[in-house]
$ cat upload.csv   # CSV, C-alpha atoms
chain,number,residue,atom,x,y,z
G,4,MET,CA,80.0,97.1,159.6
G,5,SER,CA,81.1,100.3,161.4
G,6,CYS,CA,83.2,98.3,164.0
G,7,THR,CA,86.0,98.0,161.3
G,8,TYR,CA,86.5,101.8,161.2
G,9,ASP,CA,88.7,104.0,163.3
G,10,ALA,CA,87.0,107.2,164.7
G,11,ARG,CA,90.0,109.4,164.1
G,12,THR,CA,90.4,108.3,160.5
G,13,VAL,CA,86.7,108.8,159.9
G,14,ALA,CA,86.8,112.3,161.3
G,15,GLN,CA,89.9,113.3,159.3
G,16,SER,CA,88.5,111.9,156.1
G,17,ILE,CA,85.1,113.8,156.5
G,18,VAL,CA,86.8,117.1,157.2
G,19,ALA,CA,89.2,116.6,154.3
G,20,ALA,CA,86.3,115.7,151.9
G,21,HIS,CA,83.9,118.4,153.0
G,22,GLY,CA,85.9,121.1,154.8
G,23,LEU,CA,86.2,123.4,151.8
G,24,ARG,CA,82.4,123.2,151.1
G,25,PHE,CA,81.1,123.6,154.6
G,26,GLY,CA,84.0,125.1,156.5
G,27,SER,CA,83.2,126.4,160.0
G,28,ASN,CA,80.5,129.1,160.1
G,29,THR,CA,81.3,130.3,163.6
G,30,ALA,CA,84.4,132.0,165.2
G,31,ALA,CA,83.5,130.4,168.5
G,32,PRO,CA,85.9,127.7,169.8
G,33,VAL,CA,84.8,124.2,169.1
G,34,SER,CA,83.9,122.4,172.3
G,35,ALA,CA,84.7,118.7,172.7
G,36,PRO,CA,81.8,116.6,171.5
G,37,ILE,CA,79.5,114.7,173.9
G,38,PHE,CA,79.1,111.2,172.7
G,39,SER,CA,76.1,108.9,173.1
G,40,SER,CA,77.6,105.9,171.4
G,41,ASP,CA,80.9,104.0,171.1
G,42,ASP,CA,80.4,103.4,167.4
G,43,PRO,CA,83.5,104.6,165.7
G,44,VAL,CA,81.8,106.0,162.6
G,45,TYR,CA,79.3,107.9,164.8
G,46,ARG,CA,82.2,109.2,167.0
G,47,GLY,CA,84.4,110.2,164.1
G,48,ALA,CA,81.5,111.9,162.3
G,49,LYS,CA,80.5,113.9,165.3
G,50,GLN,CA,84.1,115.1,165.8
G,51,ALA,CA,84.1,116.1,162.1
G,52,CYS,CA,80.8,117.9,162.2
G,53,ALA,CA,81.8,119.8,165.3
G,54,ALA,CA,85.0,120.8,163.5
G,55,LEU,CA,82.9,121.9,160.5
G,56,GLY,CA,81.0,124.3,162.8
G,57,PHE,CA,77.8,122.4,163.3
G,58,ILE,CA,76.2,123.0,166.7
G,59,GLU,CA,75.9,120.1,169.2
G,60,ILE,CA,72.4,119.0,168.4
G,61,ASP,CA,73.1,119.1,164.6
G,62,ALA,CA,76.4,117.3,165.0
G,63,GLU,CA,74.7,114.6,167.0
G,64,CYS,CA,71.9,114.3,164.4
G,65,LEU,CA,74.4,114.1,161.5
G,66,ALA,CA,76.7,111.6,163.3
G,67,HIS,CA,73.8,109.1,163.7
G,68,ALA,CA,72.9,109.7,160.1
G,69,TRP,CA,76.5,108.9,159.0
G,70,ARG,CA,76.4,105.7,161.1
G,71,ALA,CA,73.0,104.7,159.6
G,72,GLN,CA,74.2,105.4,156.1
G,73,THR,CA,77.3,103.3,156.7
G,74,GLU,CA,75.3,100.4,157.9
G,75,ARG,CA,72.8,100.7,155.1
G,76,LEU,CA,75.6,100.8,152.4
G,77,SER,CA,77.7,98.2,154.3
G,78,GLN,CA,80.7,100.6,153.9
G,79,PHE,CA,81.8,104.1,154.9
G,80,ASP,CA,81.8,106.5,152.0
G,81,THR,CA,83.6,109.7,153.0
G,82,ALA,CA,82.4,111.5,149.9
G,83,LEU,CA,78.7,110.8,150.4
G,84,TRP,CA,77.3,113.5,152.8
G,85,PRO,CA,74.1,112.0,154.3
G,86,ASP,CA,70.9,113.1,152.6
G,87,ASN,CA,68.7,110.0,152.7
G,88,PRO,CA,65.6,110.7,154.9
G,89,ALA,CA,65.7,107.1,156.3
G,90,ASP,CA,69.2,107.6,157.7
G,91,PHE,CA,67.9,110.5,159.8
G,92,GLY,CA,65.1,108.4,161.1
G,93,LEU,CA,62.5,110.3,159.1
G,94,ARG,CA,59.3,108.5,158.1
G,95,PRO,CA,58.7,107.5,154.4
G,96,PHE,CA,58.7,110.2,151.8
G,97,PRO,CA,56.9,112.0,150.2
G,98,PRO,CA,55.5,113.4,153.4
G,99,ALA,CA,52.2,114.4,151.7
G,100,ALA,CA,51.4,110.7,151.4
G,101,ARG,CA,51.4,110.2,155.1
G,102,GLY,CA,48.0,109.8,156.8
G,103,ASP,CA,48.7,112.6,159.3
G,104,ALA,CA,50.1,115.1,156.7
G,105,PHE,CA,48.9,118.6,156.7
G,106,PRO,CA,47.2,119.7,153.5
G,107,PRO,CA,49.6,120.2,150.6
G,108,CYS,CA,50.6,123.6,149.2
G,109,PRO,CA,52.4,124.3,145.9
G,110,GLU,CA,55.8,122.7,145.5
G,111,ARG,CA,57.2,126.1,144.6
G,112,LEU,CA,55.7,128.9,146.6
G,113,GLY,CA,57.8,131.5,144.6
G,114,LEU,CA,58.4,134.9,146.1
G,115,TYR,CA,57.3,134.7,149.8
G,116,ALA,CA,56.8,138.2,151.3
G,117,VAL,CA,56.8,138.4,155.1
G,118,LEU,CA,54.9,141.5,156.0
G,119,PRO,CA,54.2,143.6,159.1
G,120,ASP,CA,50.5,144.4,158.7
G,121,ALA,CA,47.4,143.8,156.6
G,122,ALA,CA,48.0,146.9,154.5
G,123,TRP,CA,51.3,145.6,153.3
G,124,VAL,CA,49.7,142.1,152.8
G,125,GLY,CA,47.1,143.7,150.5
G,126,ARG,CA,49.6,145.8,148.7
G,127,MET,CA,52.0,142.9,147.8
G,128,ALA,CA,49.1,140.6,147.0
G,129,ARG,CA,47.8,143.1,144.5
G,130,ALA,CA,51.3,143.3,143.1
G,131,GLY,CA,51.1,139.7,142.2
G,132,VAL,CA,53.3,138.2,144.9
G,133,PRO,CA,52.1,134.6,145.1
G,134,THR,CA,52.7,133.9,148.8
G,135,VAL,CA,52.4,136.4,151.7
G,136,GLN,CA,52.7,136.1,155.4
G,137,LEU,CA,51.3,138.4,158.0
G,138,ARG,CA,53.8,138.7,160.8
G,139,PHE,CA,52.0,141.0,163.1
G,140,LYS,CA,53.5,141.5,166.6
G,141,SER,CA,51.2,142.7,169.3
G,142,ASP,CA,50.1,141.7,172.8
G,143,ASP,CA,46.6,143.1,172.1
G,144,ALA,CA,44.3,140.2,171.3
G,145,ALA,CA,41.7,142.4,169.7
G,146,ALA,CA,44.3,144.1,167.5
G,147,ILE,CA,45.6,140.7,166.4
G,148,GLU,CA,42.1,139.5,165.5
G,149,ARG,CA,41.4,142.7,163.5
G,150,GLU,CA,44.7,142.5,161.6
G,151,VAL,CA,44.4,138.8,160.7
G,152,ARG,CA,40.8,139.3,159.5
G,153,ALA,CA,41.9,142.4,157.5
G,154,ALA,CA,44.7,140.4,155.9
G,155,VAL,CA,42.3,137.6,154.9
G,156,GLU,CA,40.1,140.2,153.3
G,157,ALA,CA,43.0,141.9,151.6
G,158,VAL,CA,44.1,138.9,149.6
G,159,GLN,CA,40.6,138.0,148.4
G,160,GLY,CA,40.5,138.0,144.6
G,161,THR,CA,44.2,138.3,144.2
G,162,GLY,CA,45.3,134.6,144.1
G,163,ALA,CA,47.9,135.2,146.8
G,164,LEU,CA,48.2,132.4,149.5
G,165,LEU,CA,48.1,133.9,152.9
G,166,PHE,CA,49.9,132.4,155.9
G,167,ILE,CA,49.5,133.9,159.4
G,168,ASN,CA,52.6,133.8,161.7
G,169,ASP,CA,51.9,132.4,165.1
G,170,HIS,CA,48.2,133.3,165.7
G,171,TRP,CA,46.8,129.9,164.6
G,172,GLN,CA,43.5,130.0,166.4
G,173,VAL,CA,42.6,133.4,165.0
G,174,ALA,CA,43.8,132.3,161.6
G,175,ILE,CA,41.4,129.3,161.7
G,176,ALA,CA,38.5,131.5,162.7
G,177,ALA,CA,39.3,134.1,160.0
G,178,GLY,CA,39.7,131.5,157.2
G,179,ALA,CA,43.3,132.0,156.3
G,180,TYR,CA,45.1,129.7,153.8
G,181,GLY,CA,47.8,128.6,156.3
G,182,ILE,CA,49.7,129.2,159.4
G,183,HIS,CA,53.5,129.5,160.0
G,184,LEU,CA,55.0,128.4,163.3
G,185,GLY,CA,58.5,128.7,164.7
G,186,GLN,CA,60.1,125.8,166.6
G,187,GLU,CA,59.2,127.2,170.0
G,188,ASP,CA,55.5,127.7,168.9
G,189,LEU,CA,55.4,124.2,167.6
G,190,ASP,CA,56.9,122.7,170.8
G,191,VAL,CA,54.3,124.3,173.1
G,192,LEU,CA,51.3,122.9,171.2
G,193,SER,CA,49.6,120.1,173.0
G,194,PRO,CA,48.6,117.0,171.1
G,195,ALA,CA,45.0,118.2,171.2
G,196,GLN,CA,46.0,121.6,169.8
G,197,LEU,CA,48.1,120.1,167.1
G,198,GLN,CA,45.2,117.9,166.1
G,199,ALA,CA,42.8,120.8,166.1
G,200,LEU,CA,45.2,122.7,163.8
G,201,ARG,CA,45.5,119.7,161.5
G,202,ALA,CA,41.7,119.2,161.4
G,203,SER,CA,41.1,122.8,160.5
G,204,GLY,CA,42.4,122.2,157.0
G,205,LEU,CA,45.0,125.0,157.2
G,206,ARG,CA,48.4,124.5,155.7
G,207,LEU,CA,51.3,124.5,158.1
G,208,GLY,CA,54.8,125.9,157.5
G,209,VAL,CA,57.5,125.4,160.1
G,210,SER,CA,60.8,127.3,160.6
G,211,THR,CA,64.0,125.3,161.0
G,212,HIS,CA,67.6,126.3,161.6
G,213,GLY,CA,69.5,123.0,161.1
G,214,TYR,CA,69.2,119.3,161.0
G,215,ALA,CA,67.8,118.6,164.4
G,216,GLU,CA,65.0,121.1,163.9
G,217,MET,CA,64.2,119.7,160.5
G,218,VAL,CA,63.8,116.3,162.0
G,219,ARG,CA,61.5,117.8,164.7
G,220,ALA,CA,59.5,119.6,162.0
G,221,ASP,CA,59.1,116.5,159.9
G,222,ALA,CA,57.6,114.6,162.8
G,223,VAL,CA,54.3,116.6,162.2
G,224,SER,CA,54.4,116.3,158.4
G,225,PRO,CA,53.9,120.1,157.7
G,226,SER,CA,52.9,121.5,154.3
G,227,TYR,CA,56.3,123.2,153.8
G,228,ILE,CA,59.6,123.7,155.7
G,229,ALA,CA,61.4,127.0,155.9
G,230,MET,CA,65.2,126.9,156.3
G,231,GLY,CA,67.5,129.7,157.5
G,232,ALA,CA,68.8,132.0,158.4
G,233,VAL,CA,70.8,131.6,155.1
G,234,TYR,CA,72.8,134.9,155.7
G,235,PRO,CA,73.3,137.3,158.6
G,236,THR,CA,70.1,139.2,159.4
G,237,THR,CA,69.4,141.9,161.9
G,238,LEU,CA,65.7,141.5,161.9
G,239,LYS,CA,65.7,139.1,164.8
G,240,ARG,CA,68.2,137.6,167.1
G,241,MET,CA,69.1,134.1,165.8
G,242,ALA,CA,70.1,131.2,168.1
G,243,THR,CA,72.3,129.8,165.4
G,244,ALA,CA,74.9,131.2,163.1
G,245,PRO,CA,74.0,131.9,159.4
G,246,GLN,CA,73.7,128.6,157.6
G,247,GLY,CA,75.2,129.6,154.2
G,248,VAL,CA,74.3,128.2,150.8
G,249,ALA,CA,76.3,125.0,151.2
G,250,ARG,CA,74.2,123.9,154.1
G,251,LEU,CA,71.1,125.1,152.5
G,252,ALA,CA,71.8,122.9,149.5
G,253,ALA,CA,72.4,119.9,151.8
G,254,TYR,CA,69.1,120.6,153.6
G,255,ALA,CA,67.2,120.9,150.3
G,256,ARG,CA,68.5,117.5,149.2
G,257,LEU,CA,67.4,115.9,152.5
G,258,LEU,CA,64.0,117.5,152.4
G,259,ARG,CA,63.3,117.1,148.7
G,260,GLY,CA,59.9,115.7,149.5
G,261,TYR,CA,58.8,119.1,150.9
G,262,PRO,CA,58.1,122.5,149.4
G,263,GLN,CA,61.1,124.5,150.7
G,264,VAL,CA,61.6,128.1,151.6
G,265,GLY,CA,64.9,129.8,152.1
G,266,ILE,CA,64.9,132.8,154.4
G,267,GLY,CA,67.3,135.2,156.1
G,268,GLY,CA,69.4,138.0,154.7
G,269,ILE,CA,68.6,137.2,151.1
G,270,ASP,CA,69.0,140.1,148.7
G,271,ALA,CA,69.0,140.5,144.9
G,272,VAL,CA,72.7,139.8,144.6
G,273,ARG,CA,72.5,136.6,146.6
G,274,LEU,CA,69.3,135.4,145.1
G,275,PRO,CA,70.9,133.4,142.2
G,276,GLU,CA,73.1,131.3,144.5
G,277,VAL,CA,70.1,130.6,146.8
G,278,LEU,CA,68.0,129.4,144.0
G,279,ALA,CA,70.8,127.2,142.8
G,280,THR,CA,70.4,125.1,145.9
G,281,GLY,CA,67.1,123.9,144.7
G,282,VAL,CA,64.7,125.6,147.1
G,283,GLY,CA,61.5,126.5,145.4
G,284,SER,CA,60.8,129.7,147.3
G,285,VAL,CA,62.6,132.6,148.9
G,286,ALA,CA,61.2,134.6,151.8
G,287,VAL,CA,62.0,138.3,152.0
G,288,VAL,CA,61.2,141.0,154.5
G,289,ARG,CA,63.3,144.1,154.1
G,290,ALA,CA,63.9,143.6,150.3
G,291,LEU,CA,60.3,144.6,149.7
G,292,VAL,CA,59.2,146.7,152.7
G,293,ALA,CA,62.3,148.9,152.5
G,294,ALA,CA,62.4,149.2,148.7
G,295,GLU,CA,61.9,152.5,147.0
G,296,ASP,CA,59.4,150.9,144.7
G,297,PRO,CA,58.2,147.7,146.3
G,298,GLU,CA,56.0,146.7,143.4
G,299,ALA,CA,58.8,147.0,140.9
G,300,THR,CA,61.2,145.1,143.2
G,301,ALA,CA,58.6,142.3,143.6
G,302,ALA,CA,58.3,142.1,139.9
G,303,GLN,CA,62.0,141.7,139.5
G,304,TRP,CA,62.2,139.0,142.1
G,305,MET,CA,59.3,137.1,140.7
G,306,ALA,CA,60.9,137.2,137.2
G,307,ALA,CA,64.1,135.7,138.6
G,308,LEU,CA,62.2,133.0,140.5
G,309,GLY,CA,60.2,132.2,137.4
G,310,ALA,CA,63.4,131.9,135.3
G,311,ALA,CA,65.0,129.6,137.9
G,312,ALA,CA,61.9,127.4,137.9
G,313,GLY,CA,62.0,127.1,134.2
G,314,ASN,CA,65.7,125.9,134.1

$ encode --input "upload.csv" --output "structure tokens"
Amino acid sequence: MSCTYDARTVAQSIVAAHGLRFGSNTAAPVSAPIFSSDDPVYRGAKQACAALGFIEIDAECLAHAWRAQTERLSQFDTALWPDNPADFGLRPFPPAARGDAFPPCPERLGLYAVLPDAAWVGRMARAGVPTVQLRFKSDDAAAIEREVRAAVEAVQGTGALLFINDHWQVAIAAGAYGIHLGQEDLDVLSPAQLQALRASGLRLGVSTHGYAEMVRADAVSPSYIAMGAVYPTTLKRMATAPQGVARLAAYARLLRGYPQVGIGGIDAVRLPEVLATGVGSVAVVRALVAAEDPEATAAQWMAALGAAAGN
């Protein structure tokens, strides 16, 4: 069907329909797209997505989704931003029903505190924070093992779900609830290591920073998917520009079969617009660790998340 369309017209119509919503989130000049197909809907969509500020791999991913959507509907609909998992080549949803899916976790993980050590993990768990992550950075294997085991002990009796960042083998041995991996960590796992992680029964969360990484994460059917950075953050150097809430809402619609976590630069003022995207969890670092009264701050955030879940 797409052979009846003109690439330039497709590009112009997409930018006209979605430019105000997405805009361009980078001041860098837009490079000429690299095309992998002569299909005019694909080519027009890729030009449009590049103009809207999507990086190359995400523009490519979106362009193929536009073409697949057009073929599925037998018409090009400029107003319909792609959000059907099948158009992105994802396997059938819900992901939890797949035979190779990681164990499920709650659909709404609520306030998700990312914390630097076991002492902070215990403190926030005792404050009632429902989901906590130990992000302990060290090159000392013995120190890592001690901290992970201490974090597992710290949440006992609190009801908090503990995810360990990166150190998956230690997390398995210590009996943590789950593991969180970045894209780079996921990519270096061998098939045997991935199967060992899946067989352990731990839940798996994966970080993503755009469409291409979401497709990559979905391939392993994780327990939840984190999406960011939503806003600028100085905590770590990001390979991609801040995503913004318009993109976050689009990601949430595509990944509606997953528990979703928004992360990156979220503060109390921005919280309502993040929750309005439909994500069921918000991850915070500085908002708690740097607060004058972390327990009171956690209570405020949890109340806001609870109110959003009830709407």

$ atom_distance --input "upload.csv" --atom1 "CA of Val285 (chain G)" --atom2 "CA of Arg206 (chain G)"
17.7 Å

$ residues_around --input "upload.csv" --residues "His212 (chain G)" --least-positions-apart "5" --cutoff "10 Å" --atoms "only C-alpha atoms" --output "PyMOL selection string"
chain G and resi 61+185-186+217+229-233+241-246+251+254

$ closest_residue --input "upload.csv" --among "G:Ala220, G:Glu148, G:Gly162, G:Asp190" --to "Ala177 (chain G)" --atoms "only C-alpha atoms"
G:Glu148

$ residues_around --input "upload.csv" --residues "Val132 (chain G)" --least-positions-apart "5" --cutoff "8 Å" --atoms "all atoms listed in the file" --output "VMD selection string"
chain G and resid 114 to 116 127 163 301 305

$ atom_distance --input "upload.csv" --atom1 "CA of Gly208 (chain G)" --atom2 "CA of Asp143 (chain G)"
24.0 Å

$ residues_around --input "upload.csv" --residues "Asp120 (chain G)" --least-positions-apart "3" --cutoff "10 Å" --atoms "only C-alpha atoms" --output "ChimeraX atom specification"
/G:117,123-125,136-140,147,150-151,153-154

$ residues_around --input "upload.csv" --residues "Ala51 (chain G)" --least-positions-apart "2" --cutoff "6 Å" --atoms "all atoms listed in the file" --output "ChimeraX atom specification"
/G:14,18,48-49,53-54

$ residues_around --input "upload.csv" --residues "Ala199 (chain G)" --least-positions-apart "4" --cutoff "12 Å" --atoms "all atoms listed in the file" --output "PyMOL selection string"
chain G and resi 105+171-172+175+192-195+203-205

$ closest_residue --input "upload.csv" --among "G:Leu197, G:Cys52, G:Asp80, G:Arg126" --to "Asp296 (chain G)" --atoms "all atoms listed in the file"
G:Arg126

$ residues_near_point --input "upload.csv" --point "(83.4, 109.6, 150.1)" --cutoff "9 Å" --atoms "all atoms listed in the file" --output "list in words"
Ser16, Ile17, Ala20, Phe79, Asp80, Thr81, Ala82, Leu83 and Trp84 of chain G

$ closest_residue --input "upload.csv" --among "G:Ala89, G:Ile269, G:Val277, G:Ile37" --to "Arg250 (chain G)" --atoms "all atoms listed in the file"
G:Val277

$ closest_residue --input "upload.csv" --among "G:Arg101, G:Ala19, G:Tyr214, G:Ile266" --to "His67 (chain G)" --atoms "all atoms listed in the file"
G:Tyr214

$ residues_near_point --input "upload.csv" --point "(54.6, 147.3, 140.4)" --cutoff "7 Å" --atoms "all atoms listed in the file" --output "ChimeraX atom specification"
/G:130,297-299,302

$ atom_distance --input "upload.csv" --atom1 "CA of Gln72 (chain G)" --atom2 "CA of Thr211 (chain G)"
22.9 Å

$ closest_residue --input "upload.csv" --among "G:Pro133, G:Gly260, G:Gly92, G:Pro275" --to "Leu112 (chain G)" --atoms "all atoms listed in the file"
G:Pro133
